[in-house]
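Have a look at coords06.cif below; it lists mmCIF, C-alpha atoms and all ligand atoms.
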```
data_start
#
loop_
_atom_site.label_atom_id
_atom_site.label_comp_id
_atom_site.auth_asym_id
_atom_site.auth_seq_id
_atom_site.Cartn_x
_atom_site.Cartn_y
_atom_site.Cartn_z
CA MET X 1 21.64 -5.41 -2.25
CA THR X 2 20.01 -8.86 -2.28
CA ARG X 3 19.95 -10.32 -5.79
CA ILE X 4 16.54 -11.50 -6.99
CA ALA X 5 16.09 -14.59 -9.20
CA LEU X 6 12.96 -15.98 -10.84
CA ILE X 7 12.94 -19.69 -11.74
CA THR X 8 10.37 -21.35 -13.98
CA GLY X 9 10.29 -25.12 -13.46
CA ILE X 10 11.33 -24.74 -9.80
CA THR X 11 9.49 -27.96 -8.87
CA GLY X 12 11.57 -30.00 -11.35
CA GLN X 13 14.95 -31.68 -10.92
CA ASP X 14 17.10 -28.72 -12.00
CA GLY X 15 14.80 -26.05 -10.56
CA SER X 16 15.03 -27.60 -7.09
CA TYR X 17 18.86 -27.79 -7.15
CA LEU X 18 19.17 -24.29 -8.60
CA ALA X 19 16.84 -22.82 -5.95
CA GLU X 20 18.91 -24.49 -3.25
CA TYR X 21 22.15 -23.19 -4.78
CA LEU X 22 20.94 -19.59 -5.22
CA LEU X 23 19.47 -19.45 -1.70
CA GLY X 24 22.88 -20.62 -0.46
CA LEU X 25 24.46 -17.69 -2.31
CA GLY X 26 22.08 -15.27 -0.53
CA TYR X 27 19.62 -14.69 -3.38
CA GLN X 28 15.92 -14.02 -2.93
CA VAL X 29 14.33 -16.76 -5.06
CA HIS X 30 10.90 -16.67 -6.71
CA GLY X 31 9.48 -19.74 -8.42
CA VAL X 32 6.64 -20.31 -10.87
CA VAL X 33 4.48 -23.29 -9.89
CA ARG X 34 1.64 -24.83 -11.89
CA ARG X 35 -1.60 -25.34 -10.06
CA SER X 36 -2.40 -29.06 -9.76
CA SER X 37 -4.91 -31.11 -7.79
CA THR X 38 -2.12 -32.57 -5.65
CA PHE X 39 1.04 -30.93 -4.33
CA SER X 40 3.94 -30.83 -6.80
CA THR X 41 6.52 -29.23 -4.50
CA GLU X 42 8.07 -32.42 -3.07
CA ARG X 43 11.55 -31.55 -4.40
CA ILE X 44 11.59 -28.12 -2.72
CA ASP X 45 9.55 -28.73 0.45
CA HIS X 46 12.73 -29.20 2.48
CA LEU X 47 13.72 -25.59 1.70
CA TYR X 48 10.83 -24.37 3.83
CA ARG X 49 12.22 -26.30 6.77
CA GLU X 50 15.36 -24.13 6.70
CA PRO X 51 14.37 -20.92 8.55
CA GLN X 52 16.91 -18.70 6.77
CA ALA X 53 15.88 -19.94 3.33
CA GLU X 54 12.13 -19.81 3.95
CA SER X 55 11.94 -16.04 4.12
CA ARG X 56 13.85 -15.71 0.86
CA LEU X 57 11.80 -18.23 -1.15
CA ARG X 58 8.47 -17.30 -2.70
CA LEU X 59 6.26 -19.39 -4.98
CA HIS X 60 3.72 -18.00 -7.44
CA TYR X 61 1.09 -19.76 -9.51
CA GLY X 62 1.72 -19.47 -13.23
CA ASP X 63 2.15 -21.35 -16.47
CA LEU X 64 4.55 -20.83 -19.35
CA THR X 65 1.64 -20.89 -21.79
CA ASP X 66 0.03 -17.90 -20.05
CA GLY X 67 2.13 -14.99 -21.26
CA GLN X 68 0.08 -12.19 -19.68
CA SER X 69 0.35 -13.55 -16.15
CA LEU X 70 4.09 -14.19 -16.63
CA THR X 71 4.60 -10.59 -17.72
CA ASN X 72 2.60 -9.32 -14.72
CA LEU X 73 4.73 -11.48 -12.42
CA VAL X 74 8.05 -10.41 -13.93
CA LEU X 75 7.12 -6.71 -13.75
CA LYS X 76 6.01 -7.14 -10.13
CA ILE X 77 9.03 -9.12 -8.87
CA ARG X 78 11.60 -7.20 -10.96
CA PRO X 79 14.18 -10.05 -10.93
CA ASP X 80 17.84 -9.49 -11.75
CA GLU X 81 18.07 -12.98 -13.24
CA ILE X 82 15.45 -15.25 -14.84
CA TYR X 83 16.15 -18.97 -15.29
CA ASN X 84 13.67 -20.48 -17.76
CA LEU X 85 13.78 -24.17 -16.81
CA GLY X 86 10.07 -24.99 -17.17
CA ALA X 87 9.25 -27.44 -19.95
CA GLN X 88 7.37 -30.55 -21.01
CA SER X 89 10.80 -32.14 -20.90
CA HIS X 90 10.13 -35.78 -21.85
CA VAL X 91 11.23 -36.55 -25.42
CA ARG X 92 9.03 -39.66 -25.86
CA VAL X 93 5.96 -37.83 -24.51
CA SER X 94 6.57 -34.99 -27.00
CA PHE X 95 5.61 -37.38 -29.83
CA ASP X 96 2.22 -37.88 -28.12
CA GLN X 97 1.76 -34.19 -27.25
CA PRO X 98 3.60 -32.24 -29.98
CA VAL X 99 1.43 -29.13 -29.90
CA TYR X 100 1.42 -28.77 -26.13
CA THR X 101 5.19 -29.37 -26.11
CA LEU X 102 5.65 -26.52 -28.60
CA GLN X 103 3.38 -24.26 -26.54
CA ALA X 104 5.21 -24.91 -23.25
CA VAL X 105 8.77 -25.16 -24.60
CA GLY X 106 8.77 -22.86 -27.65
CA CYS X 107 6.06 -20.26 -26.96
CA GLY X 108 6.83 -20.50 -23.23
CA ALA X 109 10.38 -19.31 -23.85
CA LEU X 110 9.07 -16.52 -26.07
CA ASN X 111 6.66 -15.44 -23.31
CA ILE X 112 9.59 -15.22 -20.87
CA LEU X 113 11.73 -13.26 -23.35
CA GLU X 114 8.88 -10.79 -24.00
CA ALA X 115 8.36 -10.25 -20.27
CA ALA X 116 12.12 -9.75 -19.82
CA ARG X 117 12.25 -7.31 -22.75
CA LEU X 118 9.59 -5.14 -21.07
CA LEU X 119 11.30 -5.26 -17.67
CA ASN X 120 14.68 -4.52 -19.25
CA GLU X 121 13.39 -1.08 -20.30
CA SER X 122 13.47 0.03 -16.65
CA HIS X 123 15.53 -2.62 -14.83
CA PRO X 124 18.45 -4.65 -16.22
CA VAL X 125 17.61 -8.36 -16.27
CA ARG X 126 19.53 -11.44 -17.44
CA VAL X 127 17.79 -14.49 -18.93
CA TYR X 128 19.02 -18.09 -18.93
CA GLN X 129 17.33 -20.39 -21.47
CA ALA X 130 17.49 -24.14 -20.77
CA SER X 131 18.56 -25.36 -24.20
CA SER X 132 19.30 -29.01 -24.80
CA SER X 133 21.77 -31.37 -26.46
CA GLU X 134 18.66 -33.05 -27.88
CA MET X 135 18.73 -30.24 -30.49
CA TYR X 136 21.73 -31.96 -32.17
CA GLY X 137 19.44 -34.93 -32.89
CA ASP X 138 20.80 -37.09 -35.68
CA VAL X 139 24.23 -35.59 -35.05
CA LEU X 140 26.11 -33.95 -37.89
CA GLN X 141 29.43 -33.86 -36.02
CA THR X 142 31.02 -35.60 -33.00
CA PRO X 143 31.76 -34.35 -30.42
CA GLN X 144 29.12 -31.63 -30.41
CA THR X 145 30.20 -28.04 -29.73
CA GLU X 146 28.50 -24.62 -29.72
CA ARG X 147 29.17 -24.51 -33.48
CA THR X 148 27.69 -27.92 -34.38
CA PRO X 149 24.55 -27.49 -36.54
CA PHE X 150 21.27 -28.74 -35.07
CA ASN X 151 19.37 -31.63 -36.67
CA PRO X 152 16.40 -32.22 -34.31
CA GLN X 153 14.68 -35.61 -34.15
CA SER X 154 11.60 -34.97 -31.99
CA PRO X 155 8.83 -32.39 -31.39
CA TYR X 156 10.62 -31.55 -28.12
CA ALA X 157 13.92 -30.90 -29.90
CA CYS X 158 12.21 -28.78 -32.61
CA ALA X 159 10.59 -26.65 -29.91
CA LYS X 160 13.94 -26.25 -28.10
CA VAL X 161 15.61 -25.16 -31.36
CA TYR X 162 12.93 -22.48 -31.74
CA ALA X 163 13.52 -21.27 -28.17
CA PHE X 164 17.31 -21.29 -28.71
CA HIS X 165 17.07 -19.03 -31.76
CA GLN X 166 14.54 -16.67 -30.15
CA THR X 167 16.93 -16.24 -27.23
CA ILE X 168 19.67 -15.12 -29.64
CA ASN X 169 17.17 -12.99 -31.56
CA TYR X 170 16.19 -11.09 -28.38
CA ARG X 171 19.87 -10.64 -27.50
CA ARG X 172 20.61 -9.10 -30.90
CA SER X 173 17.39 -7.14 -31.44
CA TYR X 174 16.79 -5.68 -27.98
CA ASP X 175 20.21 -5.72 -26.37
CA LEU X 176 18.82 -8.14 -23.77
CA PHE X 177 21.30 -10.22 -21.73
CA ALA X 178 19.91 -13.57 -22.87
CA SER X 179 22.06 -16.73 -22.90
CA ASN X 180 21.59 -20.38 -23.83
CA GLY X 181 23.04 -23.25 -21.81
CA ILE X 182 23.16 -26.24 -24.17
CA LEU X 183 23.08 -28.90 -21.49
CA PHE X 184 23.76 -32.56 -22.12
CA ASN X 185 21.83 -35.13 -20.07
CA HIS X 186 22.19 -34.63 -16.33
CA GLU X 187 20.69 -36.89 -13.75
CA SER X 188 20.37 -37.26 -9.98
CA GLU X 189 18.43 -38.86 -7.18
CA ARG X 190 15.76 -36.22 -7.96
CA ARG X 191 15.47 -37.20 -11.64
CA GLY X 192 11.90 -37.92 -12.82
CA GLU X 193 11.24 -41.65 -12.65
CA THR X 194 10.33 -42.04 -16.33
CA PHE X 195 13.78 -40.92 -17.57
CA VAL X 196 15.95 -43.92 -18.28
CA THR X 197 18.67 -43.57 -15.60
CA ARG X 198 16.19 -43.16 -12.75
CA LYS X 199 13.91 -45.84 -14.19
CA ILE X 200 16.91 -48.19 -14.03
CA THR X 201 18.07 -47.24 -10.50
CA ARG X 202 14.52 -47.40 -9.08
CA ALA X 203 13.89 -50.82 -10.62
CA ALA X 204 17.31 -52.22 -9.65
CA GLY X 205 16.75 -51.19 -6.02
CA ARG X 206 13.34 -52.86 -5.99
CA ILE X 207 14.72 -56.01 -7.64
CA LYS X 208 17.47 -56.21 -5.02
CA ALA X 209 14.85 -55.83 -2.27
CA GLY X 210 12.73 -58.59 -3.82
CA LEU X 211 9.87 -56.24 -4.71
CA GLN X 212 9.97 -56.85 -8.50
CA GLU X 213 11.72 -59.19 -10.93
CA LYS X 214 11.92 -57.48 -14.31
CA LEU X 215 12.73 -54.11 -15.81
CA TYR X 216 11.32 -53.32 -19.27
CA LEU X 217 13.34 -50.90 -21.40
CA GLY X 218 13.55 -49.75 -25.04
CA ASN X 219 16.77 -49.03 -26.95
CA LEU X 220 19.78 -50.14 -24.89
CA ASP X 221 22.29 -49.00 -27.51
CA ALA X 222 21.53 -45.26 -27.35
CA LYS X 223 24.53 -43.33 -26.01
CA ARG X 224 24.36 -40.25 -23.81
CA ASP X 225 26.79 -37.84 -22.17
CA TRP X 226 25.51 -38.15 -18.59
CA GLY X 227 26.49 -35.78 -15.77
CA TYR X 228 25.25 -34.92 -12.27
CA ALA X 229 22.54 -32.22 -12.07
CA LYS X 230 24.10 -30.55 -9.02
CA ASP X 231 27.21 -29.71 -11.09
CA TYR X 232 25.10 -28.35 -13.94
CA VAL X 233 23.04 -25.79 -11.99
CA LYS X 234 26.31 -24.13 -10.96
CA GLY X 235 27.09 -23.79 -14.67
CA MET X 236 23.70 -22.12 -15.27
CA HIS X 237 24.53 -19.52 -12.65
CA LEU X 238 28.02 -18.93 -14.08
CA ILE X 239 26.54 -18.41 -17.56
CA LEU X 240 24.51 -15.46 -16.22
CA GLN X 241 27.54 -14.01 -14.34
CA HIS X 242 29.65 -13.91 -17.55
CA HIS X 243 30.68 -10.45 -18.78
CA GLN X 244 28.55 -10.88 -21.92
CA PRO X 245 25.58 -12.99 -23.02
CA ASP X 246 26.63 -16.09 -24.95
CA ASP X 247 25.84 -19.77 -25.56
CA PHE X 248 27.66 -22.59 -23.76
CA VAL X 249 27.77 -26.39 -23.95
CA LEU X 250 27.77 -28.04 -20.51
CA ALA X 251 28.76 -31.70 -20.71
CA THR X 252 31.19 -34.25 -19.26
CA GLY X 253 32.97 -35.11 -22.53
CA ARG X 254 32.30 -38.84 -22.08
CA THR X 255 29.53 -40.94 -23.59
CA ALA X 256 28.07 -44.30 -22.48
CA SER X 257 25.21 -46.50 -23.62
CA VAL X 258 22.02 -47.26 -21.72
CA ARG X 259 23.33 -50.84 -21.52
CA GLU X 260 26.55 -49.65 -19.82
CA PHE X 261 24.53 -47.64 -17.31
CA CYS X 262 22.48 -50.78 -16.54
CA GLU X 263 25.69 -52.76 -16.02
CA LEU X 264 27.07 -50.19 -13.56
CA VAL X 265 23.87 -50.02 -11.54
CA PHE X 266 23.11 -53.75 -11.31
CA LYS X 267 26.76 -54.58 -10.58
CA ARG X 268 26.76 -52.18 -7.61
CA LEU X 269 23.93 -54.29 -6.16
CA ASP X 270 25.76 -57.58 -6.99
CA LEU X 271 23.20 -58.33 -9.71
CA ASN X 272 23.56 -59.16 -13.40
CA TYR X 273 21.41 -56.83 -15.52
CA GLU X 274 20.96 -59.52 -18.18
CA ASP X 275 18.95 -61.62 -15.69
CA HIS X 276 16.42 -58.84 -15.21
CA VAL X 277 16.26 -56.41 -18.16
CA GLU X 278 13.84 -57.19 -20.99
CA ILE X 279 13.13 -55.20 -24.13
CA ASP X 280 9.67 -53.75 -24.65
CA PRO X 281 9.31 -52.13 -28.09
CA ARG X 282 6.70 -49.76 -26.65
CA TYR X 283 9.63 -47.75 -25.29
CA TYR X 284 11.21 -47.29 -28.73
CA ARG X 285 10.81 -43.80 -30.18
CA PRO X 286 9.50 -42.91 -33.67
CA ALA X 287 12.95 -41.35 -34.24
CA GLU X 288 15.93 -41.95 -31.98
CA VAL X 289 18.98 -39.87 -31.06
CA ASP X 290 21.73 -42.51 -31.21
CA LEU X 291 24.74 -40.66 -29.84
CA LEU X 292 25.37 -37.52 -27.82
CA LEU X 293 28.85 -36.46 -26.76
CA GLY X 294 29.53 -32.90 -25.68
CA GLU X 295 32.70 -30.85 -25.94
CA PRO X 296 32.64 -28.50 -22.91
CA SER X 297 35.99 -26.70 -23.34
CA LYS X 298 34.44 -23.27 -23.99
CA ALA X 299 32.63 -23.42 -20.61
CA PHE X 300 35.88 -24.44 -18.92
CA GLU X 301 37.99 -21.75 -20.55
CA GLU X 302 35.51 -18.85 -20.27
CA LEU X 303 33.51 -19.73 -17.14
CA GLY X 304 35.85 -22.03 -15.24
CA TRP X 305 33.09 -24.66 -15.18
CA GLN X 306 33.59 -28.38 -15.43
CA ALA X 307 31.65 -31.50 -14.49
CA THR X 308 33.14 -33.00 -11.33
CA THR X 309 31.11 -36.20 -10.93
CA SER X 310 32.08 -39.30 -12.93
CA LEU X 311 29.54 -41.67 -14.44
CA GLU X 312 30.53 -44.32 -11.88
CA GLU X 313 29.96 -41.85 -9.03
CA LEU X 314 26.64 -40.74 -10.50
CA ALA X 315 25.43 -44.33 -10.87
CA ALA X 316 26.53 -45.07 -7.29
CA ILE X 317 24.74 -42.01 -5.83
CA MET X 318 21.50 -42.84 -7.62
CA THR X 319 21.67 -46.59 -7.00
CA ASP X 320 22.36 -46.27 -3.27
CA HIS X 321 19.60 -43.66 -2.87
CA ASP X 322 17.03 -45.80 -4.66
CA HIS X 323 18.10 -48.99 -2.87
CA GLU X 324 17.33 -47.21 0.41
CA ILE X 325 13.87 -46.23 -0.89
CA ALA X 326 13.23 -49.84 -1.90
CA LYS X 327 14.27 -51.08 1.55
CA ARG X 328 11.79 -48.66 3.13
CA GLU X 329 9.08 -49.88 0.72
CA LEU X 330 9.83 -53.46 1.74
CA HIS X 331 9.72 -52.55 5.40
CA ALA X 332 6.37 -50.77 4.94
CA ALA X 333 4.96 -53.77 3.03
CA ASN X 334 6.05 -56.17 5.82
CA PHE X 335 4.61 -53.84 8.48
CA ASP X 336 1.26 -53.76 6.64
CA GLN X 337 1.23 -57.56 6.55
CA PHE X 338 1.73 -57.82 10.32
CA SER X 339 -0.62 -55.02 11.27
CA GLY X 340 -3.30 -56.11 8.76
P1 LIG H 401 11.82 -31.65 -15.17
O1 LIG H 401 12.33 -32.34 -13.94
O2 LIG H 401 10.91 -32.38 -16.08
O3 LIG H 401 11.10 -30.30 -14.68
C1 LIG H 401 10.33 -29.54 -15.56
C2 LIG H 401 9.70 -28.40 -14.79
O4 LIG H 401 8.91 -27.62 -15.70
C3 LIG H 401 8.75 -28.83 -13.66
O5 LIG H 401 8.89 -27.94 -12.59
C4 LIG H 401 7.38 -28.66 -14.30
O6 LIG H 401 6.33 -28.44 -13.38
C5 LIG H 401 7.63 -27.41 -15.12
N1 LIG H 401 6.65 -27.21 -16.19
C6 LIG H 401 6.22 -28.11 -17.11
N2 LIG H 401 5.33 -27.55 -17.94
C7 LIG H 401 5.17 -26.27 -17.52
C8 LIG H 401 4.35 -25.20 -17.94
N3 LIG H 401 3.51 -25.30 -18.97
N4 LIG H 401 4.44 -24.02 -17.26
C9 LIG H 401 5.28 -23.88 -16.19
N5 LIG H 401 6.07 -24.87 -15.75
C10 LIG H 401 6.01 -26.05 -16.40
O7 LIG H 401 13.04 -31.13 -16.05
P2 LIG H 401 14.59 -30.92 -15.66
O8 LIG H 401 15.30 -32.19 -15.93
O9 LIG H 401 14.68 -30.28 -14.35
O10 LIG H 401 15.05 -29.92 -16.81
C11 LIG H 401 14.99 -28.50 -16.62
C12 LIG H 401 15.03 -27.83 -17.99
O11 LIG H 401 16.24 -28.16 -18.64
C13 LIG H 401 13.93 -28.22 -18.94
O12 LIG H 401 13.62 -27.11 -19.73
C14 LIG H 401 14.56 -29.30 -19.81
O13 LIG H 401 13.91 -29.36 -21.05
C15 LIG H 401 15.97 -28.77 -19.91
N6 LIG H 401 17.02 -29.75 -20.10
C16 LIG H 401 17.14 -30.80 -19.25
C17 LIG H 401 18.19 -31.70 -19.40
C18 LIG H 401 18.36 -32.87 -18.47
O14 LIG H 401 19.13 -33.78 -18.82
N7 LIG H 401 17.74 -32.88 -17.30
C19 LIG H 401 19.13 -31.49 -20.43
C20 LIG H 401 18.98 -30.39 -21.26
C21 LIG H 401 17.94 -29.51 -21.07
P3 LIG H 401 5.54 -29.67 -12.68
O15 LIG H 401 6.36 -30.07 -11.49
O16 LIG H 401 4.24 -29.05 -12.34
O17 LIG H 401 5.43 -30.77 -13.70
O1 LIG H 402 16.35 -40.68 -20.24
P1 LIG H 402 15.75 -40.34 -21.54
O2 LIG H 402 14.27 -40.30 -21.63
O3 LIG H 402 16.40 -38.93 -21.94
P2 LIG H 402 16.53 -38.17 -23.34
O4 LIG H 402 15.55 -38.62 -24.34
O5 LIG H 402 17.97 -38.23 -23.73
O6 LIG H 402 16.13 -36.68 -22.93
C1 LIG H 402 16.66 -36.09 -21.74
O7 LIG H 402 17.87 -35.45 -22.04
C2 LIG H 402 17.75 -34.32 -22.95
C3 LIG H 402 19.18 -33.77 -23.15
O8 LIG H 402 19.79 -34.41 -24.25
C4 LIG H 402 16.84 -33.30 -22.32
F1 LIG H 402 16.76 -32.21 -23.13
C5 LIG H 402 15.47 -33.91 -22.12
O9 LIG H 402 14.63 -32.94 -21.47
C6 LIG H 402 15.61 -35.12 -21.19
O10 LIG H 402 16.01 -34.67 -19.93
O11 LIG H 402 16.28 -41.34 -22.67
C7 LIG H 402 17.66 -41.55 -22.87
C8 LIG H 402 17.84 -42.71 -23.86
C9 LIG H 402 17.01 -42.56 -25.14
O12 LIG H 402 17.80 -42.89 -26.24
C10 LIG H 402 15.90 -43.60 -24.99
O13 LIG H 402 15.43 -44.15 -26.21
O14 LIG H 402 17.37 -43.90 -23.23
C11 LIG H 402 16.63 -44.65 -24.17
N1 LIG H 402 15.71 -45.54 -23.44
C12 LIG H 402 15.76 -46.90 -23.51
N2 LIG H 402 14.76 -47.42 -22.77
C13 LIG H 402 14.70 -45.17 -22.65
C14 LIG H 402 14.10 -46.36 -22.22
N3 LIG H 402 14.27 -43.96 -22.25
C15 LIG H 402 13.20 -43.91 -21.39
N4 LIG H 402 12.77 -42.70 -20.95
N5 LIG H 402 12.56 -45.06 -20.97
C16 LIG H 402 12.97 -46.31 -21.36
O15 LIG H 402 12.39 -47.31 -20.96
#
```
Let me see the file written as C-alpha cells.
Ligand code: NAP
Ligand code: G4F
Amino acid sequence: MTRIALITGITGQDGSYLAEYLLGLGYQVHGVVRRSSTFSTERIDHLYREPQAESRLRLHYGDLTDGQSLTNLVLKIRPDEIYNLGAQSHVRVSFDQPVYTLQAVGCGALNILEAARLLNESHPVRVYQASSSEMYGDVLQTPQTERTPFNPQSPYACAKVYAFHQTINYRRSYDLFASNGILFNHESERRGETFVTRKITRAAGRIKAGLQEKLYLGNLDAKRDWGYAKDYVKGMHLILQHHQPDDFVLATGRTASVREFCELVFKRLDLNYEDHVEIDPRYYRPAEVDLLLGEPSKAFEELGWQATTSLEELAAIMTDHDHEIAKRELHAANFDQFSG
C-alpha cells in the first residue's frame, strides 16, 4: 500500500526537502499551499518536472489559521502521516506580528491536532510537530536536551512552546501518535534570504561579483547550532517511524557565532568579512537568544539519526551556490547594458 503524507509548509525550505525525500521513498505527498497573488512554489516546481513524482504530488489551497478547511482536507485525504511545518517562522518578524504569529504557529498546530484527532477515530494517523530550539530562549542549561526547561524570548518561541505542549497533550489525552522534533537551526541553499546564514552567503556572492559593497547585520556574537536542512528532514521522517510517539532534539552538537559564519563564507571567496560587514542596530532584537547548543544523543541512540554535514561543508555549499547566482546576475546586468 502506498503511504500517504500531508505536509503543511511544503513551499518552505524544510517542506520542499521533505516532499522530495518522501516522494523518493514512494510516498504519495499532499501539500497545503497558501493562496498568494504570485506563485510561491519555486522550491517545489522542479518536482513536477519529474514524471514519476508528479503523479504522486498534490497541492491544496489552505491556511493553518483556517481550522475547518484543514479538517475537511485531512478527512478527505486520510493521510498516514502529517508533518506540520507551516509557520510564520521568522523570530524578528514575530515581534512585529505577535498575534498573527500565535495564530499561525500556536492555533495552527492546534487546528492540525484537532483534525488528526478526528481522523484517528477511523484511520490511524501520526503527527510530526515542527518544534524549535528557539523555545530554550535565555537558556537555563547548556547543552540543551529534551529535558532542558524552556525559557522563550520571543512571540514566535512562546507560540512554539504552546504548540509543543498541545502536541503532548493530544498524545496523552487521545492516544494520538503525536511527536515533537525540537530542531536546532538548519540551513541550506533554499533557506529564506532574510535568515542570517543565507543573508550572508547571498551578500558575499554579490560582493565577490562586484554587485554590492556592504552587508548590514545585527548581533554578530549570537551563537547557533547550525546544521544542513537535508539531514534534518530525514530525522523528521524517522521520528514518525519510531515505535512510540516521543520528543527528540535534532542538532549537530557544535555551536558557532554569526561572526564565525561570516569568516567562513568570506574566506571561501578570498575576502575579509571585516572589510564588508557593518552593524545596523535595526537588526537587533528586543530580546536576543545568545547561545544555542543541542545535545542530540537521544536521536542517535533511539532513531539512528545524526547530522552528517559539518559547518564548513554547509558554509561551502551555500557560498558556492550563491556565488553562482551572483555571477548569473552580473551576466544578466552586462547583457542588459549591451542590448539596451
Ligand atoms: P520557512 O522556509 O519559513 O517555511 C514556512 C512555510 O510555512 C512556508 O511554506 C509558508 O508558506 C508556510 N506558512 C506560513 N504561514 C502559513 C499559514 N498561515 N498557513 C499555512 N502555511 C503557512 O520555514 P522552514 O525553515 O522550512 O521551517 C519549517 C518549520 O520548522 C517551521 O515551522 C519552523 O518554525 C520550524 N523550525 C525551523 C527551523 C530552522 O532552522 N529552519 C528550526 C526549528 C524549527 P509561504 O511559502 O506561502 O510563505
Ligand atoms: O537566522 P536567524 O534569523 O535565525 P533564528 O532567530 O535563530 O531563528 C531560526 O532558527 C530557529 C531555531 O532555533 C527557528 F525556530 C526559526 O524558525 C528560524 O528558522 O538569526 C540567527 C541569529 C540571531 O541571533 C540574530 O539576532 O543571527 C542574528 N543576526 C545578526 N544579524 C541576524 C542578523 N539575523 C537576521 N535574520 N538578520 C540579520 O541581519
How close does each residue of chain X get to ligand LIG 402 (chain H), giving the shortest atom pair and distance in Å to one decimal for every residue with an atom at most 6 Å away, counting all atoms listed in the file, sorted by chain and residue number, as CSV?
```
residue,atom,partner,partner_atom,distance
X:Ser89,CA,H:LIG402,O9,4.0
X:His90,CA,H:LIG402,O9,5.3
X:Val91,CA,H:LIG402,O4,4.9
X:Ser132,CA,H:LIG402,F1,4.4
X:Ser133,CA,H:LIG402,O8,4.2
X:Glu134,CA,H:LIG402,O8,4.0
X:Phe184,CA,H:LIG402,C3,4.8
X:Asn185,CA,H:LIG402,C3,4.3
X:Thr194,CA,H:LIG402,N4,5.3
X:Phe195,CA,H:LIG402,O1,3.7
X:Val196,CA,H:LIG402,O1,3.8
X:Thr197,CA,H:LIG402,O1,5.9
X:Leu217,CA,H:LIG402,O15,3.7
X:Gly218,CA,H:LIG402,N2,3.5
X:Asn219,CA,H:LIG402,C12,4.2
X:Leu220,CA,H:LIG402,C12,5.3
X:Ala222,CA,H:LIG402,O12,4.6
X:Val258,CA,H:LIG402,O14,5.9
X:Tyr283,CA,H:LIG402,O15,5.2
X:Tyr284,CA,H:LIG402,O13,5.8
X:Val289,CA,H:LIG402,O12,5.8
```
Env. residues ligand LIG 401 (chain H) / 7 Å / only C-alpha atoms and all ligand atoms / as a compact mmCIF listing (two decimals) with C-alpha atoms, in the coordinates of the input:
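Generated file (out-v9.txt):
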```txt
# COMPACT_ATOMS: atom_id res chain seq x y z
CA THR X 8 10.37 -21.35 -13.98
CA GLY X 9 10.29 -25.12 -13.46
CA ILE X 10 11.33 -24.74 -9.80
CA THR X 11 9.49 -27.96 -8.87
CA GLY X 12 11.57 -30.00 -11.35
CA GLN X 13 14.95 -31.68 -10.92
CA ASP X 14 17.10 -28.72 -12.00
CA GLY X 15 14.80 -26.05 -10.56
CA VAL X 32 6.64 -20.31 -10.87
CA VAL X 33 4.48 -23.29 -9.89
CA ARG X 34 1.64 -24.83 -11.89
CA SER X 40 3.94 -30.83 -6.80
CA GLY X 62 1.72 -19.47 -13.23
CA ASP X 63 2.15 -21.35 -16.47
CA LEU X 64 4.55 -20.83 -19.35
CA THR X 65 1.64 -20.89 -21.79
CA ASN X 84 13.67 -20.48 -17.76
CA LEU X 85 13.78 -24.17 -16.81
CA GLY X 86 10.07 -24.99 -17.17
CA ALA X 87 9.25 -27.44 -19.95
CA GLN X 88 7.37 -30.55 -21.01
CA SER X 89 10.80 -32.14 -20.90
CA HIS X 90 10.13 -35.78 -21.85
CA ALA X 104 5.21 -24.91 -23.25
CA ALA X 130 17.49 -24.14 -20.77
CA SER X 131 18.56 -25.36 -24.20
CA SER X 132 19.30 -29.01 -24.80
CA SER X 133 21.77 -31.37 -26.46
CA ILE X 182 23.16 -26.24 -24.17
CA LEU X 183 23.08 -28.90 -21.49
CA PHE X 184 23.76 -32.56 -22.12
CA ASN X 185 21.83 -35.13 -20.07
CA HIS X 186 22.19 -34.63 -16.33
CA GLU X 187 20.69 -36.89 -13.75
CA ARG X 191 15.47 -37.20 -11.64
CA GLY X 192 11.90 -37.92 -12.82
```
Here atom CA of X:His321 and atom CA of X:Arg268 stand apart by 12.1 Å
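Taking atom CA of X:Tyr17 as the reference point, atom CA of X:Phe150 is found at 28.0 Å.
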One residue among X:Leu293, X:Leu240, X:Ala287, X:Ile207 is nearest to X:Lys223 when using all atoms listed in the file, and that residue is X:Leu293
Save stretch 256-276 of chain X to a file: C-alpha atoms, as a short mmCIF file (atom, residue, chain, number, x, y, z; two decimals), in the first residue's frame.
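Generated file (result-v3.cif):
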```
data_model
loop_
_atom_site.label_atom_id
_atom_site.label_comp_id
_atom_site.auth_asym_id
_atom_site.auth_seq_id
_atom_site.Cartn_x
_atom_site.Cartn_y
_atom_site.Cartn_z
CA ALA X 256 29.37 28.90 16.29
CA SER X 257 28.78 32.64 16.24
CA VAL X 258 27.34 34.69 13.40
CA ARG X 259 30.81 36.27 13.17
CA GLU X 260 32.43 32.84 12.67
CA PHE X 261 29.92 32.01 9.93
CA CYS X 262 30.80 35.32 8.21
CA GLU X 263 34.51 34.45 8.43
CA LEU X 264 33.97 31.02 6.83
CA VAL X 265 31.88 32.40 3.98
CA PHE X 266 34.01 35.42 3.08
CA LYS X 267 37.24 33.40 3.37
CA ARG X 268 35.92 30.85 0.85
CA LEU X 269 35.62 33.74 -1.62
CA ASP X 270 39.11 35.09 -0.69
CA LEU X 271 37.52 38.09 1.02
CA ASN X 272 37.88 39.52 4.53
CA TYR X 273 34.47 39.92 6.18
CA GLU X 274 35.72 42.89 8.23
CA ASP X 275 36.12 44.93 5.02
CA HIS X 276 32.45 44.50 4.15
#
```
